[in-house]
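The structure file entry.cif is reproduced below (mmCIF, C-alpha atoms).
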```cif
data_target
loop_
_atom_site.group_PDB
_atom_site.id
_atom_site.type_symbol
_atom_site.label_atom_id
_atom_site.label_comp_id
_atom_site.auth_asym_id
_atom_site.auth_seq_id
_atom_site.Cartn_x
_atom_site.Cartn_y
_atom_site.Cartn_z
ATOM 1 C CA MET V 1 92.335 85.798 123.257
ATOM 2 C CA GLU V 2 94.455 87.043 126.154
ATOM 3 C CA THR V 3 93.513 90.126 128.142
ATOM 4 C CA VAL V 4 96.607 92.314 128.539
ATOM 5 C CA SER V 5 94.921 95.073 130.556
ATOM 6 C CA THR V 6 91.547 96.645 131.341
ATOM 7 C CA ASN V 7 90.732 100.056 132.786
ATOM 8 C CA LYS V 8 87.417 101.702 133.558
ATOM 9 C CA SER V 9 86.875 104.941 131.645
ATOM 10 C CA HIS V 10 83.760 107.090 131.230
ATOM 11 C CA GLY V 11 81.695 104.246 132.650
ATOM 12 C CA GLY V 12 82.982 101.736 130.108
ATOM 13 C CA VAL V 13 86.034 99.513 129.781
ATOM 14 C CA GLN V 14 89.199 100.230 127.833
ATOM 15 C CA GLY V 15 90.906 96.926 127.155
ATOM 16 C CA VAL V 16 94.067 95.771 125.429
ATOM 17 C CA TYR V 17 94.104 92.214 124.092
ATOM 18 C CA ARG V 18 96.445 89.777 122.358
ATOM 19 C CA HIS V 19 95.779 86.728 120.206
ATOM 20 C CA ALA V 20 97.564 84.354 117.864
ATOM 21 C CA SER V 21 96.724 85.448 114.326
ATOM 22 C CA LEU V 22 96.365 82.926 111.542
ATOM 23 C CA ALA V 23 96.491 85.712 108.945
ATOM 24 C CA THR V 24 99.900 87.016 110.013
ATOM 25 C CA GLY V 25 101.304 83.930 111.731
ATOM 26 C CA THR V 26 102.214 86.090 114.732
ATOM 27 C CA ASP V 27 100.711 87.325 117.954
ATOM 28 C CA MET V 28 98.719 90.518 117.349
ATOM 29 C CA THR V 29 97.745 93.119 119.938
ATOM 30 C CA PHE V 30 94.727 95.404 119.656
ATOM 31 C CA SER V 31 92.639 97.673 121.868
ATOM 32 C CA VAL V 32 88.866 97.847 122.323
ATOM 33 C CA TYR V 33 86.813 100.404 124.218
ATOM 34 C CA VAL V 34 83.345 99.148 125.186
ATOM 35 C CA PRO V 35 81.089 101.945 126.449
ATOM 36 C CA PRO V 36 78.563 101.498 129.257
ATOM 37 C CA HIS V 37 75.511 99.616 128.043
ATOM 38 C CA GLU V 38 72.602 97.507 129.179
ATOM 39 C CA ALA V 39 73.173 93.788 129.579
ATOM 40 C CA GLY V 40 72.542 91.961 126.325
ATOM 41 C CA ALA V 41 72.719 95.087 124.168
ATOM 42 C CA LYS V 42 74.601 94.992 120.878
ATOM 43 C CA LEU V 43 76.526 98.157 119.993
ATOM 44 C CA PRO V 44 77.800 99.634 116.728
ATOM 45 C CA VAL V 45 81.525 99.385 116.016
ATOM 46 C CA LEU V 46 83.948 102.069 114.856
ATOM 47 C CA TRP V 47 87.290 100.812 113.538
ATOM 48 C CA TYR V 48 90.360 103.031 113.761
ATOM 49 C CA LEU V 49 93.429 102.218 111.637
ATOM 50 C CA SER V 50 96.670 103.855 112.711
ATOM 51 C CA GLY V 51 99.537 105.354 110.728
ATOM 52 C CA LEU V 52 103.243 104.909 110.131
ATOM 53 C CA THR V 53 105.393 104.151 113.211
ATOM 54 C CA CYS V 54 102.259 103.479 115.305
ATOM 55 C CA THR V 55 100.830 100.559 117.240
ATOM 56 C CA HIS V 56 97.352 100.264 118.763
ATOM 57 C CA ALA V 57 98.680 102.312 121.675
ATOM 58 C CA ASN V 58 99.017 105.702 119.967
ATOM 59 C CA VAL V 59 95.317 106.366 119.527
ATOM 60 C CA THR V 60 94.457 104.468 122.720
ATOM 61 C CA ASP V 61 96.704 106.766 124.763
ATOM 62 C CA LYS V 62 96.279 110.030 122.830
ATOM 63 C CA GLY V 63 93.047 109.848 120.853
ATOM 64 C CA GLU V 64 90.571 111.330 123.367
ATOM 65 C CA TYR V 65 87.667 109.334 121.928
ATOM 66 C CA ARG V 66 86.273 107.552 124.981
ATOM 67 C CA ARG V 67 83.915 110.263 126.234
ATOM 68 C CA ALA V 68 82.362 110.538 122.759
ATOM 69 C CA CYS V 69 82.087 106.752 122.458
ATOM 70 C CA ALA V 70 80.411 106.557 125.874
ATOM 71 C CA GLU V 71 77.967 109.330 124.995
ATOM 72 C CA ASN V 72 77.103 107.758 121.653
ATOM 73 C CA GLY V 73 77.224 104.074 122.617
ATOM 74 C CA VAL V 74 79.949 103.093 120.136
ATOM 75 C CA ILE V 75 82.597 100.372 120.492
ATOM 76 C CA PHE V 76 86.039 101.596 119.350
ATOM 77 C CA VAL V 77 88.513 99.050 117.947
ATOM 78 C CA ALA V 78 92.179 99.875 117.231
ATOM 79 C CA PRO V 79 94.312 97.146 115.597
ATOM 80 C CA ASP V 80 98.089 97.199 115.274
ATOM 81 C CA THR V 81 99.652 98.398 112.016
ATOM 82 C CA SER V 82 101.751 95.339 111.160
ATOM 83 C CA PRO V 83 102.901 91.921 112.342
ATOM 84 C CA ARG V 84 105.779 91.962 114.804
ATOM 85 C CA GLY V 85 108.104 89.634 116.632
ATOM 86 C CA GLU V 86 111.008 87.271 116.173
ATOM 87 C CA GLY V 87 111.352 86.032 112.617
ATOM 88 C CA VAL V 88 109.208 88.815 111.136
ATOM 89 C CA ALA V 89 110.902 90.754 108.352
ATOM 90 C CA ASP V 90 111.691 94.405 109.026
ATOM 91 C CA ASP V 91 113.388 97.386 107.441
ATOM 92 C CA PRO V 92 115.452 100.140 109.084
ATOM 93 C CA ALA V 93 113.350 102.882 107.488
ATOM 94 C CA TYR V 94 110.357 104.209 109.431
ATOM 95 C CA ASP V 95 108.060 103.984 106.400
ATOM 96 C CA PHE V 96 108.492 100.309 105.531
ATOM 97 C CA GLY V 97 108.410 96.988 107.363
ATOM 98 C CA GLN V 98 107.174 96.690 110.932
ATOM 99 C CA SER V 99 104.857 99.569 111.926
ATOM 100 C CA ALA V 100 104.269 100.202 108.204
ATOM 101 C CA GLY V 101 102.083 97.365 106.943
ATOM 102 C CA PHE V 102 99.949 99.639 104.707
ATOM 103 C CA TYR V 103 96.987 97.264 105.202
ATOM 104 C CA VAL V 104 97.944 95.123 102.211
ATOM 105 C CA ASP V 105 98.383 91.397 101.726
ATOM 106 C CA ALA V 106 102.012 91.236 100.629
ATOM 107 C CA THR V 107 103.002 89.008 97.735
ATOM 108 C CA GLN V 108 106.771 89.641 97.662
ATOM 109 C CA ALA V 109 109.513 87.983 99.702
ATOM 110 C CA PRO V 110 110.285 88.329 102.558
ATOM 111 C CA TRP V 111 107.066 90.191 103.403
ATOM 112 C CA ALA V 112 104.603 87.605 102.096
ATOM 113 C CA SER V 113 105.301 85.291 105.026
ATOM 114 C CA HIS V 114 103.589 87.534 107.604
ATOM 115 C CA PHE V 115 102.404 90.839 106.144
ATOM 116 C CA HIS V 116 98.742 89.996 105.537
ATOM 117 C CA MET V 117 97.162 93.037 107.147
ATOM 118 C CA ARG V 118 94.296 93.235 104.662
ATOM 119 C CA ALA V 119 93.126 89.750 105.611
ATOM 120 C CA TYR V 120 93.680 90.562 109.263
ATOM 121 C CA VAL V 121 91.598 93.748 109.417
ATOM 122 C CA GLU V 122 88.955 92.688 106.884
ATOM 123 C CA GLN V 123 88.373 89.102 108.003
ATOM 124 C CA GLU V 124 90.159 87.701 111.025
ATOM 125 C CA LEU V 125 89.897 90.491 113.591
ATOM 126 C CA PRO V 126 86.235 91.314 112.774
ATOM 127 C CA ALA V 127 85.344 87.662 113.409
ATOM 128 C CA LEU V 128 87.109 87.821 116.770
ATOM 129 C CA ILE V 129 85.386 91.083 117.726
ATOM 130 C CA ALA V 130 82.006 89.595 116.804
ATOM 131 C CA ALA V 131 82.678 86.549 118.966
ATOM 132 C CA GLU V 132 84.171 88.215 122.033
ATOM 133 C CA PHE V 133 82.486 91.632 122.379
ATOM 134 C CA PRO V 134 78.882 92.985 122.354
ATOM 135 C CA ALA V 135 79.293 94.156 118.771
ATOM 136 C CA ASP V 136 76.543 94.644 116.212
ATOM 137 C CA MET V 137 78.488 93.819 113.068
ATOM 138 C CA ALA V 138 75.605 95.035 110.907
ATOM 139 C CA ARG V 139 76.508 98.552 112.072
ATOM 140 C CA GLN V 140 80.171 99.255 111.358
ATOM 141 C CA GLY V 141 82.079 102.417 110.540
ATOM 142 C CA ILE V 142 85.765 102.922 109.876
ATOM 143 C CA THR V 143 88.256 105.753 110.199
ATOM 144 C CA GLY V 144 92.024 106.141 110.403
ATOM 145 C CA HIS V 145 95.014 108.462 110.307
ATOM 146 C CA SER V 146 97.624 108.899 107.553
ATOM 147 C CA MET V 147 98.582 105.376 106.431
ATOM 148 C CA GLY V 148 95.552 104.284 108.439
ATOM 149 C CA GLY V 149 93.417 106.827 106.616
ATOM 150 C CA HIS V 150 94.551 105.124 103.424
ATOM 151 C CA GLY V 151 93.559 101.840 105.031
ATOM 152 C CA ALA V 152 90.141 103.097 106.118
ATOM 153 C CA LEU V 153 89.280 104.480 102.693
ATOM 154 C CA THR V 154 90.398 101.400 100.784
ATOM 155 C CA VAL V 155 88.845 98.877 103.182
ATOM 156 C CA ALA V 156 85.510 100.720 102.992
ATOM 157 C CA LEU V 157 85.619 101.092 99.208
ATOM 158 C CA ARG V 158 86.317 97.363 98.807
ATOM 159 C CA ASN V 159 83.553 96.438 101.295
ATOM 160 C CA PRO V 160 80.726 98.934 100.763
ATOM 161 C CA ASP V 161 78.061 96.555 102.112
ATOM 162 C CA ARG V 162 79.917 96.177 105.421
ATOM 163 C CA PHE V 163 80.535 99.798 106.395
ATOM 164 C CA ARG V 164 77.790 102.365 106.856
ATOM 165 C CA SER V 165 80.237 105.225 107.379
ATOM 166 C CA VAL V 166 83.849 106.101 106.563
ATOM 167 C CA SER V 167 86.075 109.007 107.485
ATOM 168 C CA ALA V 168 89.788 109.750 107.650
ATOM 169 C CA PHE V 169 92.403 112.043 109.147
ATOM 170 C CA ALA V 170 95.174 113.212 106.810
ATOM 171 C CA PRO V 171 94.855 110.096 104.611
ATOM 172 C CA ILE V 172 97.235 108.995 101.869
ATOM 173 C CA VAL V 173 94.521 109.111 99.207
ATOM 174 C CA ALA V 174 96.545 108.068 96.144
ATOM 175 C CA PRO V 175 99.513 105.946 97.265
ATOM 176 C CA SER V 176 100.273 104.920 93.675
ATOM 177 C CA VAL V 177 101.550 108.426 92.906
ATOM 178 C CA VAL V 178 103.246 109.582 96.144
ATOM 179 C CA PRO V 179 106.615 108.528 97.601
ATOM 180 C CA TRP V 180 105.304 106.736 100.708
ATOM 181 C CA GLY V 181 102.908 104.652 98.663
ATOM 182 C CA GLU V 182 105.178 103.928 95.718
ATOM 183 C CA LYS V 183 107.834 102.592 98.066
ATOM 184 C CA ALA V 184 105.431 100.463 100.104
ATOM 185 C CA LEU V 185 103.299 99.091 97.277
ATOM 186 C CA ALA V 186 106.302 98.203 95.136
ATOM 187 C CA GLY V 187 108.024 96.542 98.085
ATOM 188 C CA TYR V 188 105.044 94.526 99.257
ATOM 189 C CA LEU V 189 103.299 93.834 95.940
ATOM 190 C CA GLY V 190 105.934 94.091 93.212
ATOM 191 C CA GLU V 191 106.317 96.468 90.302
ATOM 192 C CA ASP V 192 103.070 95.683 88.458
ATOM 193 C CA ARG V 193 101.041 98.826 89.149
ATOM 194 C CA ASP V 194 97.771 97.140 88.205
ATOM 195 C CA GLY V 195 98.181 95.091 91.364
ATOM 196 C CA TRP V 196 98.328 98.287 93.396
ATOM 197 C CA ARG V 197 94.897 99.547 92.392
ATOM 198 C CA PRO V 198 92.913 97.710 95.119
ATOM 199 C CA TYR V 199 95.049 99.603 97.644
ATOM 200 C CA ASP V 200 94.623 103.095 96.185
ATOM 201 C CA ALA V 201 91.438 104.979 97.127
ATOM 202 C CA CYS V 202 91.449 107.230 94.079
ATOM 203 C CA ALA V 203 92.062 104.279 91.747
ATOM 204 C CA LEU V 204 89.278 102.279 93.410
ATOM 205 C CA ILE V 205 86.846 105.148 92.867
ATOM 206 C CA LEU V 206 87.959 105.494 89.253
ATOM 207 C CA ASP V 207 87.398 101.745 88.827
ATOM 208 C CA GLY V 208 83.823 102.026 90.094
ATOM 209 C CA ALA V 209 83.978 101.542 93.878
ATOM 210 C CA ARG V 210 81.487 103.691 95.793
ATOM 211 C CA VAL V 211 80.577 104.674 99.355
ATOM 212 C CA PRO V 212 77.612 106.859 100.366
ATOM 213 C CA GLU V 213 79.766 109.778 101.580
ATOM 214 C CA LEU V 214 83.152 110.660 103.058
ATOM 215 C CA LEU V 215 84.397 112.922 105.846
ATOM 216 C CA VAL V 216 88.088 113.881 105.697
ATOM 217 C CA ASP V 217 90.044 116.271 107.920
ATOM 218 C CA VAL V 218 93.519 117.539 107.008
ATOM 219 C CA GLY V 219 95.593 120.261 108.663
ATOM 220 C CA ASP V 220 96.890 123.048 106.454
ATOM 221 C CA ALA V 221 100.150 123.010 108.464
ATOM 222 C CA ASP V 222 100.650 119.279 107.856
ATOM 223 C CA GLN V 223 104.242 118.799 106.735
ATOM 224 C CA PHE V 224 103.171 115.955 104.427
ATOM 225 C CA LEU V 225 100.190 117.701 102.859
ATOM 226 C CA HIS V 226 101.493 118.491 99.384
ATOM 227 C CA GLU V 227 103.934 115.631 98.748
ATOM 228 C CA GLN V 228 102.333 112.602 100.419
ATOM 229 C CA LEU V 229 98.652 113.263 101.184
ATOM 230 C CA ARG V 230 97.354 115.285 98.217
ATOM 231 C CA PRO V 231 93.691 115.506 99.268
ATOM 232 C CA GLU V 232 92.880 117.419 96.084
ATOM 233 C CA LEU V 233 93.173 114.108 94.215
ATOM 234 C CA LEU V 234 90.421 112.627 96.371
ATOM 235 C CA ARG V 235 88.280 115.706 95.726
ATOM 236 C CA THR V 236 88.704 115.239 91.972
ATOM 237 C CA ALA V 237 87.904 111.522 92.148
ATOM 238 C CA CYS V 238 84.824 112.024 94.339
ATOM 239 C CA ASP V 239 83.501 114.873 92.197
ATOM 240 C CA ALA V 240 83.803 112.730 89.070
ATOM 241 C CA ALA V 241 82.094 109.776 90.769
ATOM 242 C CA GLY V 242 79.368 111.764 92.495
ATOM 243 C CA ILE V 243 80.499 110.754 95.995
ATOM 244 C CA PRO V 244 79.662 113.467 98.546
ATOM 245 C CA LEU V 245 82.951 114.471 100.188
ATOM 246 C CA THR V 246 83.219 116.777 103.181
ATOM 247 C CA LEU V 247 86.892 117.812 103.013
ATOM 248 C CA ARG V 248 87.817 120.072 105.920
ATOM 249 C CA ILE V 249 91.182 121.814 105.746
ATOM 250 C CA GLN V 250 91.823 122.706 109.363
ATOM 251 C CA PRO V 251 93.878 125.905 109.764
ATOM 252 C CA GLY V 252 97.079 125.636 111.779
ATOM 253 C CA TYR V 253 96.945 121.878 112.449
ATOM 254 C CA ASP V 254 99.813 119.522 111.637
ATOM 255 C CA HIS V 255 100.044 115.724 111.220
ATOM 256 C CA SER V 256 100.304 114.821 114.901
ATOM 257 C CA TYR V 257 97.901 113.399 117.467
ATOM 258 C CA TYR V 258 97.309 116.950 118.685
ATOM 259 C CA PHE V 259 95.423 117.264 115.383
ATOM 260 C CA VAL V 260 93.728 113.863 115.502
ATOM 261 C CA SER V 261 92.582 114.249 119.115
ATOM 262 C CA SER V 262 91.130 117.690 118.363
ATOM 263 C CA PHE V 263 88.572 116.254 115.933
ATOM 264 C CA LEU V 264 88.238 112.554 116.774
ATOM 265 C CA ALA V 265 85.240 113.107 119.041
ATOM 266 C CA GLU V 266 83.494 114.893 116.150
ATOM 267 C CA HIS V 267 84.194 111.913 113.913
ATOM 268 C CA VAL V 268 82.833 109.503 116.538
ATOM 269 C CA ALA V 269 79.595 111.513 116.720
ATOM 270 C CA TRP V 270 79.407 111.721 112.901
ATOM 271 C CA HIS V 271 79.769 107.955 112.613
ATOM 272 C CA ALA V 272 77.317 107.324 115.454
ATOM 273 C CA GLU V 273 74.636 109.340 113.695
ATOM 274 C CA ARG V 274 74.973 107.159 110.598
ATOM 275 C CA LEU V 275 75.275 103.931 112.561
ATOM 276 C CA ARG V 276 72.024 104.668 114.378
ATOM 277 C CA ALA V 277 70.113 105.165 111.123
#
```

Could you render the structure as structure tokens?
Amino acid sequence: METVSTNKSHGGVQGVYRHASLATGTDMTFSVYVPPHEAGAKLPVLWYLSGLTCTHANVTDKGEYRRACAENGVIFVAPDTSPRGEGVADDPAYDFGQSAGFYVDATQAPWASHFHMRAYVEQELPALIAAEFPADMARQGITGHSMGGHGALTVALRNPDRFRSVSAFAPIVAPSVVPWGEKALAGYLGEDRDGWRPYDACALILDGARVPELLVDVGDADQFLHEQLRPELLRTACDAAGIPLTLRIQPGYDHSYYFVSSFLAEHVAWHAERLRA
């Protein structure tokens, strides 16, 4: 693991790191904020998965989470959204290819060579975090924005014993039935829709996956609300499954990091409460 940069913030350290990933076959960059803590202490971990067009840097630069993480003693980890670099397949559209990995393990050419983001965020990067940082991997939460909200929900639903808490900002809750998801899942996984179900939060819940509760924030001025996000589908799925869902429709907020940064500290505190239990 190579240290790209470190900066002191709120008594802790905000770092950016790079390593050679076996899952993607590329170098991957990620950021970690470690709050101030006593020597030898192990701290809970909150994962943040980012959305379309993003890298680790968007939330690191704009998220406004560090004060809350310092106050609550939570490590904050932000992976990249896709493999990158020379020889990595890409697409000219903003919603496919690099910066749009959708947290799947691709099976279709040319994406299958490198686009293994599920394996990266579920297996490889957690092992690296456990080895290199003062992380208590028995206390993990996960959140994310948009495509990353989709990632957070599906990763948690597939790994309920690993995550004590899960939340999301403006998530794509049912990618199998919205344009962003149909394009990405067909491109990465092929046309067999049964193969999409492990990457669709509503389908996972319908198929029996459970988490203790969910917190979701969406802005009512989000330009993608009705076509791409469709939080009402998550409400229906959670009601049918008996999963407690706190769905907050925030008046006047859009899809941007002005929205995410307005509520991310609340999410950090919400996760911290559950990670302390």

Residues within 7 Å of region 46-49 of chain V, please, as a VMD selection string. Count all atoms listed in the file; anything in the same chain fewer than 6 positions from it doesn't count.
chain V and resid 74 to 79 140 to 145 148 to 149 151 to 152

For the residues selected in the previous step, produce a file with C-alpha atoms as a PDB file, in the frame of the given file.
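part_39.pdb was written with the following content:
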```
ATOM      1  CA  VAL V  74      79.949 103.093 120.136  1.00  0.00           C
ATOM      2  CA  ILE V  75      82.597 100.372 120.492  1.00  0.00           C
ATOM      3  CA  PHE V  76      86.039 101.596 119.350  1.00  0.00           C
ATOM      4  CA  VAL V  77      88.513  99.050 117.947  1.00  0.00           C
ATOM      5  CA  ALA V  78      92.179  99.875 117.231  1.00  0.00           C
ATOM      6  CA  PRO V  79      94.312  97.146 115.597  1.00  0.00           C
ATOM      7  CA  GLN V 140      80.171  99.255 111.358  1.00  0.00           C
ATOM      8  CA  GLY V 141      82.079 102.417 110.540  1.00  0.00           C
ATOM      9  CA  ILE V 142      85.765 102.922 109.876  1.00  0.00           C
ATOM     10  CA  THR V 143      88.256 105.753 110.199  1.00  0.00           C
ATOM     11  CA  GLY V 144      92.024 106.141 110.403  1.00  0.00           C
ATOM     12  CA  HIS V 145      95.014 108.462 110.307  1.00  0.00           C
ATOM     13  CA  GLY V 148      95.552 104.284 108.439  1.00  0.00           C
ATOM     14  CA  GLY V 149      93.417 106.827 106.616  1.00  0.00           C
ATOM     15  CA  GLY V 151      93.559 101.840 105.031  1.00  0.00           C
ATOM     16  CA  ALA V 152      90.141 103.097 106.118  1.00  0.00           C
TER      17      ALA V 152
END
```

Can you spell out as a PyMOL selection string the set of residues that the PyMOL selection byres ((chain V and resi 10-18) around 10) selects in the structure I just provided?
chain V and resi 1-9+19-21+27-37+56-57+60+66-71+73+75-79

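In this model, the gap between CA of Ser146 (chain V) and CA of Asp61 (chain V) comes to 17.4 Å.
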
Specify as a short mmCIF file (atom, residue, chain, number, x, y, z; two decimals) with C-alpha atoms, in the frame of the given file each residue included when the PyMOL selection byres ((chain V and resi 110-118) around 7) is applied to this file.
```
data_model
loop_
_atom_site.label_atom_id
_atom_site.label_comp_id
_atom_site.auth_asym_id
_atom_site.auth_seq_id
_atom_site.Cartn_x
_atom_site.Cartn_y
_atom_site.Cartn_z
CA ALA V 23 96.49 85.71 108.94
CA THR V 24 99.90 87.02 110.01
CA GLY V 25 101.30 83.93 111.73
CA SER V 82 101.75 95.34 111.16
CA PRO V 83 102.90 91.92 112.34
CA VAL V 88 109.21 88.82 111.14
CA ALA V 89 110.90 90.75 108.35
CA GLY V 101 102.08 97.36 106.94
CA TYR V 103 96.99 97.26 105.20
CA VAL V 104 97.94 95.12 102.21
CA ASP V 105 98.38 91.40 101.73
CA ALA V 106 102.01 91.24 100.63
CA THR V 107 103.00 89.01 97.74
CA GLN V 108 106.77 89.64 97.66
CA ALA V 109 109.51 87.98 99.70
CA ALA V 119 93.13 89.75 105.61
CA TYR V 120 93.68 90.56 109.26
CA VAL V 121 91.60 93.75 109.42
CA GLU V 122 88.96 92.69 106.88
CA TYR V 188 105.04 94.53 99.26
#
```

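Among the candidates V:Pro251, V:Trp270, V:Ala174, V:Lys183, the one nearest to Arg235 (chain V) when counting all atoms listed in the file is V:Ala174.
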
Measuring between all atoms listed in the file, which one of V:Asp95, V:Glu273, V:Glu86, V:Glu38 shows the shortest distance to Cys54 (chain V)?
V:Asp95

As a check of understanding, name the residues that the PyMOL selection byres ((chain V and resi 244) around 12) selects in the supplied structure, as a count of residues only.
22

Minimum-distance residue to Ser262 (chain V), chosen among V:Leu206, V:Phe169, V:Thr81, V:Ala39 (using all atoms listed in the file):
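The answer is V:Phe169, which sits nearest to Ser262 (chain V).
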
What lies within 10 Å of Phe224 (chain V) using all atoms listed in the file, ignoring chain neighbours under 2 positions off, as a ChimeraX atom specification?
/V:146,170,172,219-222,226-230,254-255

Which is closest to Trp180 (chain V) among V:Trp196, V:Phe102, V:Phe259, V:Tyr65, if we use only C-alpha atoms?
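Among the listed residues, V:Phe102 lies closest to Trp180 (chain V).
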
What is the CA of Arg164 (chain V) to CA of Val268 (chain V) distance in Å?
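Answer for the CA of Arg164 (chain V) to CA of Val268 (chain V) separation: 13.0 Å.
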
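The shortest atom-to-atom distance to Leu233 (chain V), with all atoms listed in the file taken into account, belongs to V:Pro171 out of V:Pro160, V:Pro171, V:Pro134, V:Gly40.
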
I need the residue nearest Glu232 (chain V) from this list: V:Cys202, V:Leu157, V:Phe263, V:Ala272. Use only C-alpha atoms for the distance.
V:Cys202
